[in-house]
Amino acid sequence: VSPSWEQDFVEYVRARIPRLHRVAFQLLGDGDRADDVVQNVLATLYRRWSGMQGVDNLDAYVHTMVVHACLADRRAPWARVLLRDTAPDSEARHVDGEIEQRLQVRAALRSLPERQRIVLVLRFLCDLPVSEVARLLNRSEGTVKSRTAYGLEALRKALGAPGPAPSSTGGTR
Amino acid sequence: MSDDIFRVLKDQPAPAPRVRVEDVLTAGRAKVRARRAGTVAAAAAAVLAIVAAVVIVWSGEGTRRTMPVGPLPTTAPGRTPSSPSPAARKCTAAQLAPAGATRPEVFIQGMDPSGRYIVGELGAQQGRGVVLWTDGVPRILSTNEADEPTAVNSSGVVVGRRTNNKIAVPIKSVNGAFVTLPMPKGAVAATATAINTRGDIVGYAVFEPVSAPGSVPALSTGAAKAVMWPAGAPQTPRLLPGGKRMSQAFAVDDDGTVAGGIDDGEQPYMWHPDGRGEALAQPADRPGGWIMGIRGDWAFGVVDYLKDSVLVPTVGRRMARGLLAYGRWNLATGQVESLERFTPSGLADDGTLVGYQSAIDGPVVWRDGTGRQLPGLPGKPVGGVADRISADGRIVVGRLFEGQTPVIWHC
């Protein structure tokens, strides 16, 4: 018979897998990698479970773990391989059909500095409010807002869409 | 307004999670066991062995992979290790000296077989650039954010590419600064991917004409050809024939053997020093892939790529769908084995690999089907990746994910 704390853990985890997976999928753009990240994060949570009683907002804590794991995953070797040395060309050239459009937006997103990209994904793909993104990234709301603005501008530029002229302060690099 | 841009991604139906609570429990218990085993055994060995049980559990339901093709000899023929194998030795971790910046963030891109030279790319927070360590002492080679290193040899020569307006040109370091290498006649872009001890450089060049209106010749691979800049004649790049449509070289051994892939990820391939090409074995029912690294009788790279990629008709080439699968080749026997949930990125003389194992989110030395986790730094989570290993297996370089901190392990 599994201990009761383990039953608590199972109950908690079962209800949250879909939402956590969705966040990981949006950040990574890939279901399999999202599976890996979520499973790994939850296994880590299992190991730390006994210390979780004192955590004020467990959902926020786990959410943060998933986001951080996704950021780490993006830097894992295959992420670089996918972007650089694979046979495929990551620059989608033809806007023709939904797959190509997606590839193009993803390619444009990837071309942004990471700090801008992450903010855009969390805000617009995961629909998180500025305050939540600020908490997740441990940055001020002002920083999140400015990165959002720069990121959107850079994204439009990357997609060749008309937008405001680049400001003199430029991006973050 | 931003909604318009993101709508196409948001409308994409998210795949159903395949994470099962049972698997989470199994993996979680394994983490607890690993932690306990680590605490108990820490005095005896800093290397934490993650036994095959973890991998076997993970490769059960919910995994796309099937098991390897045929057994392999446990050691390369003719080699009798006189000391304990690298995987069995105790390894100690130390941070590589940061390159004069407050943040150490670096992505390791290469180490020479002796372990003396290490090359890395500075992270965006430092404005990018290239750093070269010589015996642990860092020096900034380039502050040009267009420069990306790909490899370094035992003379400290770094190669890579410089990308401006999406057009890459091959570069190599001469007396501490990068110069561009000549492109083959007719090429619109090229990159150097590897260099061996005597200075042969390999890579690939793109010959694709500019067709679509407004498009630029990216370093795409639709019409790529593998290239060698021979040590004896670096100004005369030589195309390596092979493949119906295209070829790419990603590795060169000290005897001049070149390895890579042909036809847009359809076939792992090798060019012998005499120029003869050879298609390498592929796991049964898992075609497609390319070689990423070669050392003596061993090579590693991608397998099963035809399943893990999709041909996008309008783009005219394959694009990866997600996680790739990897394999290790024994060139002496011609056999290939699949690697389960292990992403290799470096290779030693005896076939030992280093890389990343997702099951433990850690840097591992991989040998005979077992990954052994490398230790982290005091006060930092061990999550990270091992990027390269010296020829004798005694020096491993990689990074911890926290802060992208570069780490060197002495084994």
# chains A, B, ... in the order shown; residues from 1 in each chain; ligands from 1
>>> residues_around(residues="Asp392 (chain B)", least_positions_apart="6", cutoff="8 Å", atoms="only C-alpha atoms", output="ChimeraX atom specification")
/B:86,113-114,348-350
>>> write_last_selection(atoms="N, CA and C atoms", output="short mmCIF file (atom, residue, chain, number, x, y, z; two decimals), in the first residue's frame")
data_model
loop_
_atom_site.label_atom_id
_atom_site.label_comp_id
_atom_site.auth_asym_id
_atom_site.auth_seq_id
_atom_site.Cartn_x
_atom_site.Cartn_y
_atom_site.Cartn_z
N PRO B 86 37.20 5.42 -18.32
CA PRO B 86 36.84 6.77 -17.90
C PRO B 86 35.51 6.81 -17.15
N PRO B 113 41.34 17.06 -28.94
CA PRO B 113 41.44 15.71 -28.36
C PRO B 113 42.32 15.65 -27.12
N SER B 114 43.27 16.56 -26.98
CA SER B 114 44.15 16.52 -25.81
C SER B 114 43.48 17.14 -24.58
N ALA B 348 35.21 9.77 -26.99
CA ALA B 348 36.61 9.47 -26.67
C ALA B 348 37.10 8.32 -27.55
N ASP B 349 38.43 8.05 -27.50
CA ASP B 349 39.04 7.01 -28.33
C ASP B 349 38.37 5.65 -28.19
N ASP B 350 37.96 5.29 -26.97
CA ASP B 350 37.45 3.95 -26.71
C ASP B 350 35.93 3.85 -26.90
#
>>> residues_around(residues="Ala134 (chain A)", least_positions_apart="6", cutoff="7 Å", atoms="only C-alpha atoms", output="VMD selection string")
chain A and resid 140 to 141 144
>>> residues_around(residues="Leu71 (chain A)", least_positions_apart="4", cutoff="12 Å", atoms="only C-alpha atoms", output="number ranges by chain")
A: 23-28, 33-34, 37, 64-67, 75-76, 79, 114-115, 117-119, 121-122, 136-137; B: 401-404
>>> write_last_selection(atoms="N, CA, C and O atoms", output="compact mmCIF listing (two decimals), in the first residue's frame")
# COMPACT_ATOMS: atom_id res chain seq x y z
N VAL A 23 1.52 24.49 -21.08
CA VAL A 23 2.52 25.54 -20.94
C VAL A 23 3.84 25.09 -21.56
O VAL A 23 4.48 25.82 -22.32
N ALA A 24 4.24 23.85 -21.25
CA ALA A 24 5.52 23.34 -21.77
C ALA A 24 5.46 23.24 -23.29
O ALA A 24 6.43 23.57 -23.99
N PHE A 25 4.30 22.83 -23.81
CA PHE A 25 4.18 22.71 -25.26
C PHE A 25 4.32 24.07 -25.93
O PHE A 25 5.00 24.22 -26.94
N GLN A 26 3.69 25.09 -25.34
CA GLN A 26 3.79 26.41 -25.96
C GLN A 26 5.21 26.96 -25.89
O GLN A 26 5.68 27.63 -26.80
N LEU A 27 5.89 26.67 -24.80
CA LEU A 27 7.26 27.18 -24.67
C LEU A 27 8.22 26.44 -25.59
O LEU A 27 9.14 27.03 -26.14
N LEU A 28 7.98 25.14 -25.78
CA LEU A 28 8.93 24.33 -26.53
C LEU A 28 8.49 24.10 -27.97
O LEU A 28 9.30 23.78 -28.82
N ARG A 33 8.83 16.78 -26.36
CA ARG A 33 9.74 17.42 -25.41
C ARG A 33 8.95 17.92 -24.21
O ARG A 33 9.44 17.90 -23.07
N ALA A 34 7.72 18.38 -24.45
CA ALA A 34 6.88 18.81 -23.33
C ALA A 34 6.61 17.63 -22.39
O ALA A 34 6.64 17.79 -21.17
N VAL A 37 9.74 17.08 -20.30
CA VAL A 37 9.96 18.13 -19.29
C VAL A 37 8.98 17.98 -18.14
O VAL A 37 9.36 18.02 -16.97
N THR A 64 6.42 27.48 -11.95
CA THR A 64 7.77 28.04 -12.11
C THR A 64 8.77 26.95 -12.47
O THR A 64 9.63 27.13 -13.33
N MET A 65 8.65 25.80 -11.81
CA MET A 65 9.56 24.69 -12.11
C MET A 65 9.46 24.31 -13.59
O MET A 65 10.48 24.06 -14.26
N VAL A 66 8.24 24.25 -14.10
CA VAL A 66 8.05 23.84 -15.49
C VAL A 66 8.66 24.87 -16.44
O VAL A 66 9.36 24.53 -17.39
N VAL A 67 8.39 26.15 -16.16
CA VAL A 67 8.94 27.19 -17.04
C VAL A 67 10.46 27.13 -17.03
O VAL A 67 11.10 27.16 -18.08
N ARG A 75 17.97 25.12 -24.08
CA ARG A 75 19.41 25.29 -24.22
C ARG A 75 20.11 23.94 -24.32
O ARG A 75 21.31 23.89 -24.43
N ALA A 76 19.35 22.89 -24.22
CA ALA A 76 19.94 21.56 -24.31
C ALA A 76 20.46 21.36 -25.73
O ALA A 76 20.07 22.05 -26.64
N ALA A 79 18.31 21.34 -28.94
CA ALA A 79 17.67 22.59 -29.34
C ALA A 79 18.59 23.35 -30.29
O ALA A 79 18.16 23.91 -31.28
N GLU A 114 16.50 35.68 -26.33
CA GLU A 114 15.72 34.78 -25.50
C GLU A 114 14.84 35.52 -24.50
O GLU A 114 13.69 35.15 -24.27
N ARG A 115 15.35 36.61 -23.91
CA ARG A 115 14.56 37.28 -22.87
C ARG A 115 13.28 37.87 -23.45
O ARG A 115 12.26 37.93 -22.77
N ARG A 117 11.75 36.59 -26.25
CA ARG A 117 10.94 35.47 -26.71
C ARG A 117 10.14 34.85 -25.57
O ARG A 117 8.95 34.58 -25.69
N ILE A 118 10.83 34.65 -24.45
CA ILE A 118 10.17 33.99 -23.33
C ILE A 118 8.99 34.83 -22.83
O ILE A 118 7.91 34.31 -22.54
N VAL A 119 9.19 36.14 -22.76
CA VAL A 119 8.11 37.00 -22.31
C VAL A 119 6.92 36.93 -23.26
O VAL A 119 5.77 36.82 -22.84
N VAL A 121 6.07 34.48 -25.29
CA VAL A 121 5.42 33.17 -25.21
C VAL A 121 4.55 33.08 -23.96
O VAL A 121 3.39 32.64 -24.02
N LEU A 122 5.10 33.51 -22.83
CA LEU A 122 4.33 33.40 -21.60
C LEU A 122 3.10 34.30 -21.64
O LEU A 122 2.03 33.92 -21.19
N LEU A 136 7.29 34.85 -12.40
CA LEU A 136 7.94 33.64 -12.91
C LEU A 136 9.40 33.90 -13.27
O LEU A 136 10.26 33.07 -13.04
N LEU A 137 9.64 35.06 -13.86
CA LEU A 137 11.00 35.35 -14.33
C LEU A 137 11.80 36.12 -13.29
O LEU A 137 12.97 36.44 -13.53
N PHE B 401 23.12 23.98 -16.24
CA PHE B 401 22.06 24.83 -16.78
C PHE B 401 21.91 26.11 -15.97
O PHE B 401 21.61 27.17 -16.51
N GLU B 402 22.12 26.01 -14.67
CA GLU B 402 21.97 27.23 -13.87
C GLU B 402 23.06 28.22 -14.23
O GLU B 402 24.25 27.99 -14.02
N GLY B 403 22.65 29.32 -14.84
CA GLY B 403 23.61 30.34 -15.25
C GLY B 403 24.45 29.93 -16.44
O GLY B 403 25.37 30.64 -16.82
N GLN B 404 24.14 28.79 -17.05
CA GLN B 404 24.94 28.29 -18.18
C GLN B 404 26.42 28.31 -17.82
O GLN B 404 27.27 28.76 -18.58
>>> atom_distance(atom1="CA of Trp49 (chain A)", atom2="CA of Leu377 (chain B)")
24.0 Å
>>> residues_around(residues="Phe178 (chain B)", least_positions_apart="3", cutoff="8 Å", atoms="only C-alpha atoms", output="PyMOL selection string")
chain B and resi 141-142+171-174
>>> select_by_dssp(residues="region 94-151 of chain A", states="alpha helix (DSSP H)", output="ChimeraX atom specification")
/A:98-111,114-120,130-137,141-151
>>> write_last_selection(atoms="N, CA and C atoms", output="tab-separated table (two decimals), in the first residue's frame")
chain	number	residue	atom	x	y	z
A	98	GLU	N	-1.17	26.53	-43.41
A	98	GLU	CA	-1.06	26.75	-41.98
A	98	GLU	C	0.27	26.28	-41.41
A	99	ILE	N	0.75	25.11	-41.87
A	99	ILE	CA	2.01	24.59	-41.33
A	99	ILE	C	3.13	25.59	-41.58
A	100	GLU	N	3.18	26.09	-42.80
A	100	GLU	CA	4.25	27.01	-43.14
A	100	GLU	C	4.15	28.29	-42.32
A	101	GLN	N	2.90	28.75	-42.12
A	101	GLN	CA	2.72	29.95	-41.30
A	101	GLN	C	3.24	29.74	-39.90
A	102	ARG	N	2.89	28.57	-39.36
A	102	ARG	CA	3.36	28.27	-38.01
A	102	ARG	C	4.87	28.23	-37.96
A	103	LEU	N	5.44	27.54	-38.95
A	103	LEU	CA	6.90	27.43	-38.97
A	103	LEU	C	7.53	28.81	-39.05
A	104	GLN	N	6.88	29.68	-39.82
A	104	GLN	CA	7.44	31.01	-40.00
A	104	GLN	C	7.39	31.82	-38.69
A	105	VAL	N	6.23	31.75	-38.03
A	105	VAL	CA	6.13	32.49	-36.76
A	105	VAL	C	7.10	31.91	-35.74
A	106	ARG	N	7.19	30.56	-35.71
A	106	ARG	CA	8.13	29.95	-34.77
A	106	ARG	C	9.56	30.37	-35.09
A	107	ALA	N	9.89	30.37	-36.39
A	107	ALA	CA	11.25	30.77	-36.78
A	107	ALA	C	11.51	32.22	-36.37
A	108	ALA	N	10.49	33.07	-36.55
A	108	ALA	CA	10.65	34.48	-36.16
A	108	ALA	C	10.83	34.59	-34.66
A	109	LEU	N	10.05	33.83	-33.92
A	109	LEU	CA	10.17	33.84	-32.46
A	109	LEU	C	11.58	33.42	-32.03
A	110	ARG	N	12.06	32.37	-32.71
A	110	ARG	CA	13.38	31.86	-32.35
A	110	ARG	C	14.48	32.88	-32.62
A	111	SER	N	14.22	33.76	-33.59
A	111	SER	CA	15.27	34.71	-33.96
A	111	SER	C	15.38	35.83	-32.92
A	114	GLU	N	16.50	35.68	-26.33
A	114	GLU	CA	15.72	34.78	-25.50
A	114	GLU	C	14.84	35.52	-24.50
A	115	ARG	N	15.35	36.61	-23.91
A	115	ARG	CA	14.56	37.28	-22.87
A	115	ARG	C	13.28	37.87	-23.45
A	116	GLN	N	13.33	38.29	-24.72
A	116	GLN	CA	12.10	38.80	-25.34
A	116	GLN	C	11.16	37.65	-25.70
A	117	ARG	N	11.75	36.59	-26.25
A	117	ARG	CA	10.94	35.47	-26.71
A	117	ARG	C	10.14	34.85	-25.57
A	118	ILE	N	10.83	34.65	-24.45
A	118	ILE	CA	10.17	33.99	-23.33
A	118	ILE	C	8.99	34.83	-22.83
A	119	VAL	N	9.19	36.14	-22.76
A	119	VAL	CA	8.11	37.00	-22.31
A	119	VAL	C	6.92	36.93	-23.26
A	120	LEU	N	7.19	36.95	-24.56
A	120	LEU	CA	6.09	36.88	-25.53
A	120	LEU	C	5.33	35.56	-25.42
A	130	VAL	N	0.83	40.16	-16.87
A	130	VAL	CA	2.16	40.74	-16.67
A	130	VAL	C	2.69	40.41	-15.28
A	131	SER	N	1.82	40.49	-14.29
A	131	SER	CA	2.29	40.27	-12.91
A	131	SER	C	2.80	38.84	-12.74
A	132	GLU	N	2.12	37.89	-13.36
A	132	GLU	CA	2.52	36.49	-13.23
A	132	GLU	C	3.85	36.23	-13.96
A	133	VAL	N	3.99	36.81	-15.14
A	133	VAL	CA	5.23	36.65	-15.90
A	133	VAL	C	6.39	37.25	-15.10
A	134	ALA	N	6.14	38.41	-14.51
A	134	ALA	CA	7.18	39.07	-13.72
A	134	ALA	C	7.61	38.17	-12.56
A	135	ARG	N	6.64	37.53	-11.93
A	135	ARG	CA	6.96	36.66	-10.80
A	135	ARG	C	7.76	35.44	-11.27
A	136	LEU	N	7.29	34.85	-12.40
A	136	LEU	CA	7.94	33.64	-12.91
A	136	LEU	C	9.40	33.90	-13.27
A	137	LEU	N	9.64	35.06	-13.86
A	137	LEU	CA	11.00	35.35	-14.33
A	137	LEU	C	11.80	36.12	-13.29
A	141	GLU	N	7.59	44.24	-13.12
A	141	GLU	CA	6.54	44.33	-14.14
A	141	GLU	C	6.95	45.30	-15.24
A	142	GLY	N	7.67	46.34	-14.87
A	142	GLY	CA	8.13	47.31	-15.87
A	142	GLY	C	9.04	46.64	-16.88
A	143	THR	N	9.93	45.78	-16.38
A	143	THR	CA	10.84	45.07	-17.28
A	143	THR	C	10.06	44.17	-18.23
A	144	VAL	N	9.07	43.47	-17.68
A	144	VAL	CA	8.27	42.58	-18.52
A	144	VAL	C	7.55	43.37	-19.60
A	145	LYS	N	7.00	44.53	-19.21
A	145	LYS	CA	6.28	45.35	-20.19
A	145	LYS	C	7.22	45.84	-21.30
A	146	SER	N	8.41	46.28	-20.91
A	146	SER	CA	9.30	46.82	-21.94
A	146	SER	C	9.80	45.69	-22.84
A	147	ARG	N	10.06	44.52	-22.26
A	147	ARG	CA	10.49	43.40	-23.10
A	147	ARG	C	9.38	42.97	-24.05
A	148	THR	N	8.13	43.07	-23.56
A	148	THR	CA	7.00	42.74	-24.42
A	148	THR	C	6.98	43.68	-25.62
A	149	ALA	N	7.14	44.98	-25.34
A	149	ALA	CA	7.08	45.96	-26.42
A	149	ALA	C	8.21	45.74	-27.42
A	150	TYR	N	9.42	45.60	-26.91
A	150	TYR	CA	10.56	45.36	-27.80
A	150	TYR	C	10.39	44.05	-28.58
A	151	GLY	N	9.89	43.05	-27.86
A	151	GLY	CA	9.73	41.74	-28.49
A	151	GLY	C	8.73	41.77	-29.62
